$ cat start-v5.cif   # mmCIF, C-alpha atoms (C1' of nucleotides)
data_run
#
loop_
_atom_site.label_atom_id
_atom_site.label_comp_id
_atom_site.auth_asym_id
_atom_site.auth_seq_id
_atom_site.Cartn_x
_atom_site.Cartn_y
_atom_site.Cartn_z
CA MET A 58 117.62 -87.23 7.52
CA TYR A 59 121.00 -85.63 8.16
CA ASP A 60 121.61 -84.30 4.67
CA LEU A 61 120.19 -80.86 5.27
CA LEU A 62 122.12 -80.43 8.53
CA PHE A 63 125.38 -81.53 6.92
CA HIS A 64 124.73 -79.25 4.02
CA HIS A 65 124.19 -76.37 6.38
CA ILE A 66 127.25 -77.02 8.50
CA GLY A 67 129.31 -77.81 5.41
CA SER A 68 128.46 -74.44 3.94
CA LYS A 69 130.11 -72.70 6.90
CA ILE A 70 133.03 -74.95 7.79
CA LEU A 71 134.95 -77.87 6.33
CA LEU A 72 133.17 -81.11 7.15
CA ASP A 73 134.62 -84.47 6.12
CA GLY A 74 133.14 -87.95 6.19
CA ALA A 75 134.48 -88.76 9.61
CA GLY A 76 133.05 -85.52 10.94
CA LYS A 77 129.66 -86.40 9.54
CA GLU A 78 129.72 -89.87 11.07
CA PHE A 79 130.61 -88.37 14.40
CA LEU A 80 127.88 -85.76 14.21
CA LYS A 81 125.29 -88.41 13.45
CA THR A 82 125.88 -89.90 16.87
CA MET A 83 125.40 -86.59 18.62
CA PHE A 84 121.98 -85.45 17.37
CA ILE A 85 118.63 -86.80 18.47
CA PRO A 86 116.01 -87.00 15.72
CA LYS A 87 112.52 -85.98 16.78
CA LYS A 88 109.20 -85.62 15.04
CA LEU A 89 106.66 -83.09 16.19
CA ARG A 90 103.01 -82.93 15.20
CA LYS A 91 101.40 -79.59 14.53
CA LYS A 92 100.56 -77.79 17.79
CA GLN A 93 102.89 -80.00 19.81
CA TYR A 94 105.27 -78.29 22.19
CA LEU A 95 109.01 -78.58 21.90
CA LEU A 96 109.44 -76.49 25.03
CA GLN A 97 107.11 -74.99 27.58
CA GLU A 98 107.65 -72.03 29.85
CA GLY A 99 109.24 -73.09 33.11
CA GLU A 100 111.03 -76.10 31.68
CA GLN A 101 114.72 -76.06 31.07
CA GLY A 102 115.50 -75.60 27.40
CA LYS A 103 117.73 -78.62 27.22
CA TYR A 104 117.92 -78.74 23.46
CA MET A 105 118.69 -76.59 20.50
CA ALA A 106 116.87 -77.94 17.44
CA PHE A 107 117.77 -77.85 13.77
CA VAL A 108 114.68 -77.86 11.59
CA ASN A 109 114.90 -80.53 8.91
CA LYS A 110 111.29 -80.11 7.91
CA GLY A 111 108.30 -78.10 9.03
CA CYS A 112 107.69 -74.81 10.79
CA LEU A 113 107.90 -73.79 14.42
CA ARG A 114 107.68 -70.66 16.51
CA SER A 115 108.97 -69.55 19.87
CA TYR A 116 107.00 -67.07 21.93
CA SER A 117 106.61 -65.62 25.37
CA ILE A 118 103.43 -64.79 27.24
CA ASP A 119 103.33 -61.51 29.13
CA GLU A 120 101.53 -60.62 32.37
CA GLU A 121 98.35 -59.75 30.49
CA GLY A 122 98.36 -63.15 28.81
CA ARG A 123 99.42 -61.87 25.42
CA GLU A 124 101.63 -63.93 23.16
CA HIS A 125 104.74 -62.34 21.68
CA ILE A 126 106.34 -64.34 18.93
CA VAL A 127 110.09 -64.22 19.19
CA GLN A 128 111.06 -66.29 16.20
CA PHE A 129 109.79 -68.49 13.43
CA ALA A 130 111.89 -71.38 12.22
CA ILE A 131 111.61 -73.29 8.97
CA GLU A 132 113.93 -75.70 7.18
CA GLU A 133 117.62 -75.09 7.85
CA TRP A 134 117.00 -72.87 10.85
CA TRP A 135 117.85 -73.45 14.45
CA ILE A 136 115.35 -72.89 17.22
CA GLY A 137 115.51 -73.11 20.99
CA ASP A 138 115.98 -70.95 24.03
CA MET A 139 119.67 -70.24 23.80
CA TYR A 140 119.80 -68.59 27.20
CA SER A 141 118.17 -71.47 29.02
CA PHE A 142 120.23 -73.92 26.98
CA LEU A 143 123.45 -72.26 28.07
CA THR A 144 122.67 -71.42 31.67
CA GLY A 145 120.30 -74.19 32.68
CA GLU A 146 117.81 -71.59 33.93
CA PRO A 147 114.13 -72.37 33.36
CA SER A 148 112.88 -70.91 30.13
CA ASP A 149 110.52 -67.96 29.74
CA TYR A 150 109.55 -69.16 26.31
CA ASN A 151 107.29 -71.64 24.61
CA ILE A 152 108.14 -73.37 21.39
CA ASP A 153 105.59 -75.27 19.36
CA ALA A 154 105.08 -76.59 15.87
CA LEU A 155 102.98 -74.66 13.36
CA GLU A 156 103.30 -77.57 10.95
CA ASP A 157 104.31 -81.19 11.44
CA ALA A 158 108.05 -81.06 11.85
CA GLU A 159 111.22 -83.14 11.80
CA LEU A 160 113.98 -81.94 14.08
CA LEU A 161 117.55 -82.80 14.90
CA MET A 162 118.14 -81.92 18.50
CA ILE A 163 121.28 -81.51 20.48
CA ASP A 164 121.81 -81.10 24.20
CA ARG A 165 124.55 -79.20 25.93
CA LYS A 166 126.64 -82.25 26.70
CA ALA A 167 126.58 -83.42 23.11
CA GLN A 168 127.40 -79.95 21.89
CA ASN A 169 130.40 -79.82 24.18
CA SER A 170 131.50 -83.21 22.83
CA ILE A 171 131.30 -81.87 19.33
CA LEU A 172 133.30 -78.81 20.30
CA GLU A 173 136.02 -81.08 21.70
CA HIS A 174 136.16 -83.52 18.82
CA LEU A 175 135.44 -81.14 15.98
CA PRO A 176 137.08 -77.81 16.82
CA ALA A 177 135.79 -76.18 13.64
CA TYR A 178 132.32 -76.48 15.11
CA GLU A 179 133.20 -73.56 17.35
CA LYS A 180 133.48 -71.50 14.21
CA TYR A 181 130.15 -72.82 12.95
CA LEU A 182 128.44 -71.70 16.15
CA ARG A 183 130.11 -68.35 16.02
CA ILE A 184 128.93 -67.79 12.47
CA LEU A 185 125.38 -68.68 13.43
CA LEU A 186 125.53 -66.20 16.27
CA GLU A 187 126.95 -63.53 14.01
CA ASN A 188 124.18 -64.01 11.49
CA ASN A 189 121.66 -63.91 14.25
CA TYR A 190 123.25 -60.75 15.54
CA VAL A 191 122.82 -58.99 12.23
CA ALA A 192 119.23 -60.14 11.80
CA THR A 193 118.30 -59.11 15.31
CA ARG A 194 119.89 -55.71 14.86
CA ARG A 195 117.77 -55.21 11.79
CA ARG A 196 114.66 -56.26 13.63
CA LEU A 197 115.43 -53.96 16.51
CA ASN A 198 115.90 -51.13 14.09
CA ASN A 199 112.53 -51.82 12.54
CA MET A 200 110.84 -52.03 15.92
CA MET A 201 112.28 -48.73 17.03
CA ALA A 202 111.99 -46.55 14.00
CA LYS A 203 109.42 -47.96 11.60
CA THR A 204 105.67 -47.68 11.22
CA ALA A 205 103.45 -50.74 11.25
CA GLU A 206 103.33 -50.77 7.46
CA GLU A 207 107.08 -50.47 7.10
CA LYS A 208 107.63 -53.30 9.56
CA TYR A 209 105.36 -55.51 7.52
CA LEU A 210 107.00 -54.59 4.22
CA ASP A 211 110.41 -55.39 5.63
CA PHE A 212 109.12 -58.70 6.94
CA ILE A 213 107.75 -59.92 3.62
CA LYS A 214 110.92 -58.76 1.96
CA GLN A 215 113.19 -60.58 4.34
CA TYR A 216 111.03 -63.66 4.94
CA PRO A 217 108.81 -64.18 1.91
CA HIS A 218 108.58 -67.92 2.52
CA ILE A 219 107.50 -67.52 6.11
CA THR A 220 104.84 -64.98 5.17
CA GLN A 221 103.14 -67.65 3.16
CA ARG A 222 103.31 -70.37 5.78
CA VAL A 223 102.13 -68.76 8.98
CA PRO A 224 98.80 -67.12 9.88
CA GLN A 225 98.68 -63.39 9.55
CA HIS A 226 97.97 -62.72 13.20
CA MET A 227 101.20 -64.50 14.08
CA VAL A 228 103.13 -62.23 11.76
CA ALA A 229 101.46 -59.35 13.60
CA SER A 230 102.59 -60.81 16.90
CA TYR A 231 106.14 -61.13 15.56
CA LEU A 232 106.07 -57.52 14.42
CA GLY A 233 104.69 -56.28 17.72
CA ILE A 234 101.48 -54.87 16.25
CA THR A 235 97.86 -55.96 16.53
CA PRO A 236 96.21 -58.20 13.91
CA GLU A 237 93.80 -55.37 13.16
CA THR A 238 96.60 -52.94 12.43
CA LEU A 239 98.32 -55.44 10.17
CA SER A 240 95.09 -56.10 8.32
CA ARG A 241 94.61 -52.39 7.73
CA ALA A 242 98.21 -51.88 6.66
CA ARG A 243 97.84 -54.61 4.04
CA LYS A 244 94.58 -53.18 2.78
CA GLN A 245 96.14 -49.77 2.29
CA ARG A 246 98.94 -51.24 0.22
CA LEU A 247 96.48 -52.75 -2.24
CA THR A 248 93.95 -49.94 -2.53
CA GLY A 249 95.00 -46.38 -1.66
CA LYS A 250 98.70 -47.19 -1.77
CA MET B 1364 146.81 -50.39 29.49
CA TYR B 1365 146.11 -54.02 28.74
CA ASP B 1366 145.11 -55.10 32.24
CA LEU B 1367 141.39 -54.58 31.83
CA LEU B 1368 141.34 -56.42 28.51
CA PHE B 1369 143.30 -59.36 29.90
CA HIS B 1370 141.06 -59.44 32.92
CA HIS B 1371 138.03 -59.56 30.68
CA ILE B 1372 139.36 -62.27 28.40
CA GLY B 1373 140.79 -64.16 31.35
CA SER B 1374 137.37 -64.27 32.96
CA LYS B 1375 135.97 -66.20 29.99
CA ILE B 1376 138.85 -68.41 28.88
CA LEU B 1377 142.24 -69.55 30.14
CA LEU B 1378 144.88 -66.98 29.32
CA ASP B 1379 148.54 -67.56 30.18
CA GLY B 1380 151.51 -65.22 30.08
CA ALA B 1381 152.50 -66.18 26.58
CA GLY B 1382 148.95 -65.59 25.42
CA LYS B 1383 149.00 -62.13 26.95
CA GLU B 1384 152.29 -61.25 25.30
CA PHE B 1385 150.93 -62.38 21.99
CA LEU B 1386 147.73 -60.41 22.39
CA LYS B 1387 149.65 -57.25 23.19
CA THR B 1388 151.11 -57.34 19.69
CA MET B 1389 147.70 -57.64 18.08
CA PHE B 1390 145.79 -54.70 19.52
CA ILE B 1391 146.19 -51.07 18.55
CA PRO B 1392 145.83 -48.58 21.40
CA LYS B 1393 143.93 -45.44 20.56
CA LYS B 1394 142.79 -42.39 22.45
CA LEU B 1395 139.67 -40.54 21.51
CA ARG B 1396 138.60 -37.11 22.66
CA LYS B 1397 135.00 -36.40 23.53
CA LYS B 1398 132.88 -35.92 20.37
CA GLN B 1399 135.54 -37.54 18.17
CA TYR B 1400 134.39 -40.20 15.75
CA LEU B 1401 135.65 -43.74 15.84
CA LEU B 1402 133.60 -44.59 12.77
CA GLN B 1403 131.45 -42.62 10.38
CA GLU B 1404 128.63 -43.82 8.18
CA GLY B 1405 129.93 -44.96 4.82
CA GLU B 1406 133.34 -45.99 6.06
CA GLN B 1407 134.28 -49.58 6.50
CA GLY B 1408 134.18 -50.61 10.14
CA LYS B 1409 137.68 -51.96 10.12
CA TYR B 1410 138.03 -52.24 13.88
CA MET B 1411 136.27 -53.65 16.86
CA ALA B 1412 137.23 -51.67 19.94
CA PHE B 1413 137.53 -52.69 23.56
CA VAL B 1414 136.84 -49.80 25.90
CA ASN B 1415 139.59 -49.43 28.46
CA LYS B 1416 138.31 -46.07 29.65
CA GLY B 1417 135.55 -43.68 28.72
CA CYS B 1418 132.14 -43.86 27.13
CA LEU B 1419 131.04 -44.19 23.51
CA ARG B 1420 127.88 -44.69 21.53
CA SER B 1421 126.99 -46.13 18.15
CA TYR B 1422 124.02 -44.76 16.28
CA SER B 1423 122.36 -44.63 12.91
CA ILE B 1424 120.67 -41.70 11.23
CA ASP B 1425 117.39 -42.39 9.45
CA GLU B 1426 115.93 -40.78 6.33
CA GLU B 1427 114.36 -38.02 8.41
CA GLY B 1428 117.70 -37.19 9.96
CA ARG B 1429 116.90 -38.66 13.35
CA GLU B 1430 119.57 -40.36 15.42
CA HIS B 1431 118.88 -43.81 16.78
CA ILE B 1432 121.35 -44.93 19.39
CA VAL B 1433 122.16 -48.59 18.96
CA GLN B 1434 124.54 -49.11 21.83
CA PHE B 1435 126.45 -47.42 24.60
CA ALA B 1436 129.84 -48.75 25.62
CA ILE B 1437 131.74 -48.09 28.81
CA GLU B 1438 134.75 -49.79 30.38
CA GLU B 1439 135.07 -53.50 29.57
CA TRP B 1440 132.63 -53.34 26.68
CA TRP B 1441 133.24 -53.87 23.02
CA ILE B 1442 131.95 -51.52 20.39
CA GLY B 1443 132.06 -51.47 16.62
CA ASP B 1444 129.95 -52.36 13.63
CA MET B 1445 130.23 -56.12 13.72
CA TYR B 1446 128.53 -56.55 10.37
CA SER B 1447 130.81 -54.15 8.55
CA PHE B 1448 133.79 -55.60 10.39
CA LEU B 1449 132.96 -59.10 9.20
CA THR B 1450 131.80 -58.41 5.68
CA GLY B 1451 133.81 -55.37 4.71
CA GLU B 1452 130.64 -53.60 3.64
CA PRO B 1453 130.46 -49.88 4.36
CA SER B 1454 128.87 -49.17 7.69
CA ASP B 1455 125.43 -47.66 8.28
CA TYR B 1456 126.49 -46.52 11.72
CA ASN B 1457 128.39 -43.76 13.43
CA ILE B 1458 130.41 -44.27 16.56
CA ASP B 1459 131.67 -41.40 18.65
CA ALA B 1460 132.97 -40.69 22.12
CA LEU B 1461 130.68 -39.25 24.79
CA GLU B 1462 133.69 -38.90 27.09
CA ASP B 1463 137.41 -38.93 26.42
CA ALA B 1464 138.23 -42.57 25.84
CA GLU B 1465 141.04 -45.09 25.66
CA LEU B 1466 140.49 -47.97 23.32
CA LEU B 1467 142.20 -51.17 22.29
CA MET B 1468 141.35 -51.82 18.70
CA ILE B 1469 141.65 -54.90 16.58
CA ASP B 1470 141.26 -55.36 12.87
CA ARG B 1471 140.05 -58.44 11.07
CA LYS B 1472 143.48 -59.63 10.10
CA ALA B 1473 144.76 -59.42 13.65
CA GLN B 1474 141.67 -61.16 14.93
CA ASN B 1475 142.22 -64.00 12.50
CA SER B 1476 145.82 -64.24 13.69
CA ILE B 1477 144.61 -64.53 17.25
CA LEU B 1478 142.14 -67.21 16.27
CA GLU B 1479 144.96 -69.19 14.69
CA HIS B 1480 147.47 -68.82 17.48
CA LEU B 1481 145.10 -68.85 20.41
CA PRO B 1482 142.27 -71.24 19.58
CA ALA B 1483 140.49 -70.54 22.87
CA TYR B 1484 139.84 -67.05 21.56
CA GLU B 1485 137.16 -68.57 19.37
CA LYS B 1486 135.36 -69.49 22.55
CA TYR B 1487 135.83 -65.99 23.93
CA LEU B 1488 134.19 -64.49 20.87
CA ARG B 1489 131.38 -66.98 21.03
CA ILE B 1490 130.68 -66.10 24.65
CA LEU B 1491 130.61 -62.40 23.81
CA LEU B 1492 128.12 -63.08 21.06
CA GLU B 1493 126.00 -65.23 23.33
CA ASN B 1494 125.86 -62.51 25.97
CA ASN B 1495 125.01 -60.01 23.33
CA TYR B 1496 122.28 -62.31 22.08
CA VAL B 1497 120.64 -62.46 25.47
CA ALA B 1498 120.86 -58.72 26.04
CA THR B 1499 119.46 -57.96 22.61
CA ARG B 1500 116.59 -60.38 23.11
CA ARG B 1501 115.71 -58.57 26.29
CA ARG B 1502 115.84 -55.24 24.57
CA LEU B 1503 113.68 -56.46 21.73
CA ASN B 1504 111.17 -57.72 24.23
CA ASN B 1505 111.06 -54.34 25.91
CA MET B 1506 110.68 -52.56 22.59
CA MET B 1507 107.78 -54.73 21.55
CA ALA B 1508 105.76 -55.10 24.67
CA LYS B 1509 106.57 -52.35 27.10
CA THR B 1510 105.37 -48.79 27.64
CA ALA B 1511 107.80 -45.89 27.62
CA GLU B 1512 107.96 -45.89 31.42
CA GLU B 1513 108.63 -49.61 31.63
CA LYS B 1514 111.38 -49.33 29.04
CA TYR B 1515 113.05 -46.67 31.11
CA LEU B 1516 112.71 -48.60 34.36
CA ASP B 1517 114.28 -51.64 32.77
CA PHE B 1518 117.10 -49.51 31.43
CA ILE B 1519 118.09 -47.98 34.75
CA LYS B 1520 117.82 -51.41 36.31
CA GLN B 1521 120.06 -53.05 33.75
CA TYR B 1522 122.47 -50.16 33.16
CA PRO B 1523 122.54 -47.99 36.28
CA HIS B 1524 126.08 -46.79 35.55
CA ILE B 1525 125.26 -45.72 32.03
CA THR B 1526 122.17 -43.84 33.16
CA GLN B 1527 124.40 -41.57 35.18
CA ARG B 1528 126.95 -40.96 32.47
CA VAL B 1529 124.95 -40.13 29.37
CA PRO B 1530 122.49 -37.28 28.71
CA GLN B 1531 118.87 -38.18 29.15
CA HIS B 1532 117.90 -37.48 25.58
CA MET B 1533 120.37 -40.12 24.48
CA VAL B 1534 118.78 -42.66 26.75
CA ALA B 1535 115.50 -41.72 25.11
CA SER B 1536 117.07 -42.31 21.71
CA TYR B 1537 118.34 -45.69 22.86
CA LEU B 1538 114.87 -46.61 24.11
CA GLY B 1539 113.18 -45.48 20.92
CA ILE B 1540 111.09 -42.77 22.58
CA THR B 1541 111.23 -38.97 22.44
CA PRO B 1542 113.07 -36.94 25.07
CA GLU B 1543 109.77 -35.33 26.03
CA THR B 1544 108.15 -38.68 26.67
CA LEU B 1545 111.08 -39.81 28.78
CA SER B 1546 110.98 -36.61 30.78
CA ARG B 1547 107.31 -37.09 31.49
CA ALA B 1548 107.76 -40.73 32.40
CA ARG B 1549 110.40 -39.79 34.96
CA LYS B 1550 108.25 -37.05 36.42
CA GLN B 1551 105.37 -39.44 36.91
CA ARG B 1552 107.58 -41.84 38.81
CA LEU B 1553 108.52 -39.18 41.33
CA THR B 1554 105.18 -37.46 41.83
CA GLY B 1555 101.97 -39.27 41.06
CA LYS B 1556 103.61 -42.71 40.95
"C1'" DC C 1441 129.50 -14.98 33.15
"C1'" DG C 1442 127.07 -15.42 28.42
"C1'" DA C 1443 126.02 -19.06 25.14
"C1'" DT C 1444 124.76 -23.34 24.11
"C1'" DT C 1445 122.76 -27.63 25.36
"C1'" DT C 1446 119.55 -30.13 27.95
"C1'" DT C 1447 115.35 -30.83 30.31
"C1'" DT C 1448 110.78 -29.66 31.30
"C1'" DT C 1449 106.06 -28.27 30.41
"C1'" DG C 1450 101.86 -27.43 27.61
"C1'" DA C 1451 98.59 -28.12 23.82
"C1'" DA C 1452 97.33 -30.21 19.53
"C1'" DT C 1453 97.72 -34.16 16.64
"C1'" DC C 1454 98.58 -38.81 15.11
"C1'" DA C 1455 99.33 -43.75 14.88
"C1'" DT C 1456 98.07 -47.66 16.92
"C1'" DA C 1457 95.35 -50.23 20.36
"C1'" DT C 1458 91.06 -51.63 21.93
"C1'" DC C 1459 86.49 -53.37 21.77
"C1'" DA C 1460 82.90 -55.25 19.19
"C1'" DA C 1461 80.65 -57.27 15.35
"C1'" DC C 1462 80.55 -59.74 11.16
"C1'" DG C 1463 81.90 -62.71 7.31
"C1'" DT C 1464 84.86 -66.31 5.82
"C1'" DA C 1465 87.79 -70.25 5.74
"C1'" DC C 1466 89.13 -74.35 7.69
"C1'" DG C 1467 89.60 -78.95 9.75
"C1'" DT C 1468 87.48 -82.57 12.00
"C1'" DG C 1469 84.24 -85.93 13.37
"C1'" DG C 1470 80.21 -88.01 11.94
"C1'" DC D 1320 81.98 -85.72 1.81
"C1'" DC D 1321 79.12 -82.79 4.33
"C1'" DA D 1322 78.07 -79.87 8.35
"C1'" DC D 1323 79.24 -77.80 12.29
"C1'" DG D 1324 82.27 -75.37 15.36
"C1'" DT D 1325 86.31 -72.91 15.93
"C1'" DA D 1326 89.85 -70.02 14.28
"C1'" DC D 1327 90.99 -66.26 11.31
"C1'" DG D 1328 90.65 -61.92 8.87
"C1'" DT D 1329 88.23 -57.65 8.13
"C1'" DT D 1330 85.85 -53.47 9.26
"C1'" DG D 1331 84.07 -49.67 12.17
"C1'" DA D 1332 83.93 -46.61 16.25
"C1'" DT D 1333 86.33 -45.02 20.06
"C1'" DA D 1334 90.15 -44.56 23.34
"C1'" DT D 1335 94.88 -43.87 24.46
"C1'" DG D 1336 99.77 -43.43 24.69
"C1'" DA D 1337 103.23 -41.22 22.40
"C1'" DT D 1338 104.77 -37.66 19.08
"C1'" DT D 1339 105.14 -33.12 17.49
"C1'" DC D 1340 105.79 -28.33 17.85
"C1'" DA D 1341 106.66 -24.47 20.66
"C1'" DA D 1342 108.61 -22.18 24.39
"C1'" DA D 1343 110.33 -21.61 28.97
"C1'" DA D 1344 113.37 -23.18 32.69
"C1'" DA D 1345 117.53 -25.37 34.16
"C1'" DA D 1346 122.04 -27.09 33.67
"C1'" DT D 1347 126.54 -27.16 31.58
"C1'" DC D 1348 130.49 -25.42 29.19
"C1'" DG D 1349 134.12 -22.56 27.46
#
$ encode --input "start-v5.cif" --output "structure tokens"
Amino acid sequence: MYDLLFHHIGSKILLDGAGKEFLKTMFIPKKLRKKQYLLQEGEQGKYMAFVNKGCLRSYSIDEEGREHIVQFAIEEWWIGDMYSFLTGEPSDYNIDALEDAELLMIDRKAQNSILEHLPAYEKYLRILLENNYVATRRRLNNMMAKTAEEKYLDFIKQYPHITQRVPQHMVASYLGITPETLSRARKQRLTGK
Amino acid sequence: MYDLLFHHIGSKILLDGAGKEFLKTMFIPKKLRKKQYLLQEGEQGKYMAFVNKGCLRSYSIDEEGREHIVQFAIEEWWIGDMYSFLTGEPSDYNIDALEDAELLMIDRKAQNSILEHLPAYEKYLRILLENNYVATRRRLNNMMAKTAEEKYLDFIKQYPHITQRVPQHMVASYLGITPETLSRARKQRLTGK
DNA sequence: CGATTTTTTGAATCATATCAACGTACGTGG
DNA sequence: CCACGTACGTTGATATGATTCAAAAAATCG
């Protein structure tokens, strides 16, 4: 259950046996069935979740009732509303499972405990944030300067595994285009080029 | 010269006199005249810079030769190509001064020294990244779901000081819209509403 | 000042959204 | 394991917000 998490942390910082034992006591395992919510808008995002198995998404719903997918998460990814997690403010986001999922969750108190007992964990978190920073910058760049087709091409290039696991209209939502536009962009690639 | 930096760091973590003295030895002061580059595409982004005075921007240039402003930075902000800074890869970005500026720069080696000697600095960096995360998420949301006018309204709401200091066409570039569109959006606000 | 840069305005064009309809795949309960 | 209902993807016609190109007006700078 914890192997994948330890592998992930261990790839960023030094993690010994004692560290692992300690970490085991800090995370809460949780299973989620497909379509189940991990977080709903208005709740406080008390947990950040490491995905041990399965696929989830986070999304917001705008005034017109449209869903905007913020993030997908598959094995070895973290998901949660970082802002709500850190500030305690109610979340603007929903998170639910696109496939049955196994999670390892941590709350703020436990994370602070880890940071006290395992100082290198600070570095682990920083690295995660740095990676996220780079990925988000890339996404922003795509959103600002690319056509619908280019956005899609970059998505399948960067996340080939996700492309295969989530419905196409959710990819469209992630890319900020309509399902119709995505459908047409894909068609063009195959035929006219 | 260092007051603003110490104030900023001191607002996030505990910083004593010895810490300040140590930090002074790690940062490189630099003055930049308006239009001068801090970083040019292709160079390695060896420094992250804290803005003590002035105004800068970072931007990329796409295949069609168009500028896309990634970030503005005024007093108490950090600017630099984080990715290039961390990885040593050549940068895709340019950074230049929109006003004469005073900077405090740090290279990777010095930052690592700080992290060794002043462990709380790890927390400081994490907090910066977290704040950046939240701001970028907001921007992404605006890019994906908002009209040109809404993007502009959110910008002046979030960055009223910047609005007044940078030319309008650069705000347009930051928002991912054309100067003409921004001009029209502003006009509509005043007249027709 | 004159020269450059910036902003505004207008008209034509373009990419994407919208609305609607249809075919297909899918999973779920009988 | 089949059949039905819902969800999903595709296609077409039209609408719309933003871009593009051009040029004038306004502001800024040396």
$ interface_residues --input "start-v5.cif" --of "chain A" --to "chain B" --cutoff "6 Å" --atoms "all atoms listed in the file" --output "PyMOL selection string"
chain A and resi 183+201+233
$ closest_atom_pairs --input "start-v5.cif" --of "chain B" --to "chain C" --cutoff "9 Å" --atoms "all atoms listed in the file" --output "CSV"
residue,atom,partner,partner_atom,distance
B:Pro1530,CA,C:DT1446,C1',7.8
B:Gln1531,CA,C:DT1446,C1',8.2
B:His1532,CA,C:DT1446,C1',7.9
B:Pro1542,CA,C:DT1447,C1',8.4
B:Glu1543,CA,C:DT1448,C1',7.8
B:Ser1546,CA,C:DT1448,C1',7.0
B:Arg1547,CA,C:DT1448,C1',8.2
$ interface_residues --input "start-v5.cif" --of "chain D" --to "chain B" --cutoff "10 Å" --atoms "all atoms listed in the file" --output "VMD selection string"
chain D and resid 1336 to 1339
$ residues_around --input "start-v5.cif" --residues "His65 in chain A" --least-positions-apart "5" --cutoff "10 Å" --atoms "all atoms listed in the file" --output "PyMOL selection string"
chain A and resi 59-60+70+107+133-134+181
$ atom_distance --input "start-v5.cif" --atom1 "CA of Met1389 in chain B" --atom2 "CA of Ala1473 in chain B"
5.6 Å
$ atom_distance --input "start-v5.cif" --atom1 "CA of Ala1436 in chain B" --atom2 "CA of Val1529 in chain B"
10.6 Å
$ atom_distance --input "start-v5.cif" --atom1 "CA of Gly1451 in chain B" --atom2 "CA of Glu1438 in chain B"
26.3 Å
$ resolve_selection --input "start-v5.cif" --expression "the PyMOL selection byres ((chain B and resi 1474) around 10)" --output "list of chain:residue names"
B:Leu1386, B:Met1389, B:Phe1390, B:Tyr1410, B:Met1411, B:Ile1469, B:Asp1470, B:Arg1471, B:Lys1472, B:Ala1473, B:Asn1475, B:Ser1476, B:Ile1477, B:Leu1478, B:Glu1479, B:His1480, B:Tyr1484, B:Glu1485
$ closest_residue --input "start-v5.cif" --among "B:Ile1525, B:Ala1464, B:Leu1367, B:Ile1424" --to "Gln1403 in chain B" --atoms "only C-alpha atoms"
B:Ile1424
$ residues_around --input "start-v5.cif" --residues "Glu1465 in chain B" --least-positions-apart "3" --cutoff "12 Å" --atoms "only C-alpha atoms (C1' of nucleotides)" --output "tab-separated table (two decimals) with C-alpha atoms, keeping the file's coordinate frame"
chain	number	residue	atom	x	y	z
B	1364	MET	CA	146.81	-50.39	29.49
B	1365	TYR	CA	146.11	-54.02	28.74
B	1367	LEU	CA	141.39	-54.58	31.83
B	1368	LEU	CA	141.34	-56.42	28.51
B	1391	ILE	CA	146.19	-51.07	18.55
B	1392	PRO	CA	145.83	-48.58	21.40
B	1393	LYS	CA	143.93	-45.44	20.56
B	1394	LYS	CA	142.79	-42.39	22.45
B	1395	LEU	CA	139.67	-40.54	21.51
B	1396	ARG	CA	138.60	-37.11	22.66
B	1397	LYS	CA	135.00	-36.40	23.53
B	1399	GLN	CA	135.54	-37.54	18.17
B	1401	LEU	CA	135.65	-43.74	15.84
B	1412	ALA	CA	137.23	-51.67	19.94
B	1413	PHE	CA	137.53	-52.69	23.56
B	1414	VAL	CA	136.84	-49.80	25.90
B	1415	ASN	CA	139.59	-49.43	28.46
B	1416	LYS	CA	138.31	-46.07	29.65
B	1417	GLY	CA	135.55	-43.68	28.72
B	1418	CYS	CA	132.14	-43.86	27.13
B	1419	LEU	CA	131.04	-44.19	23.51
B	1436	ALA	CA	129.84	-48.75	25.62
B	1437	ILE	CA	131.74	-48.09	28.81
B	1438	GLU	CA	134.75	-49.79	30.38
B	1439	GLU	CA	135.07	-53.50	29.57
B	1440	TRP	CA	132.63	-53.34	26.68
B	1460	ALA	CA	132.97	-40.69	22.12
B	1461	LEU	CA	130.68	-39.25	24.79
B	1462	GLU	CA	133.69	-38.90	27.09
B	1468	MET	CA	141.35	-51.82	18.70
$ axis_aligned_box --input "start-v5.cif" --around "range 214-226 of chain A" --padding-each-side "8 Å" --output "JSON"
{"center_x": 105.6, "center_y": -64.6, "center_z": 7.6, "size_x": 31.2, "size_y": 27.6, "size_z": 27.3}
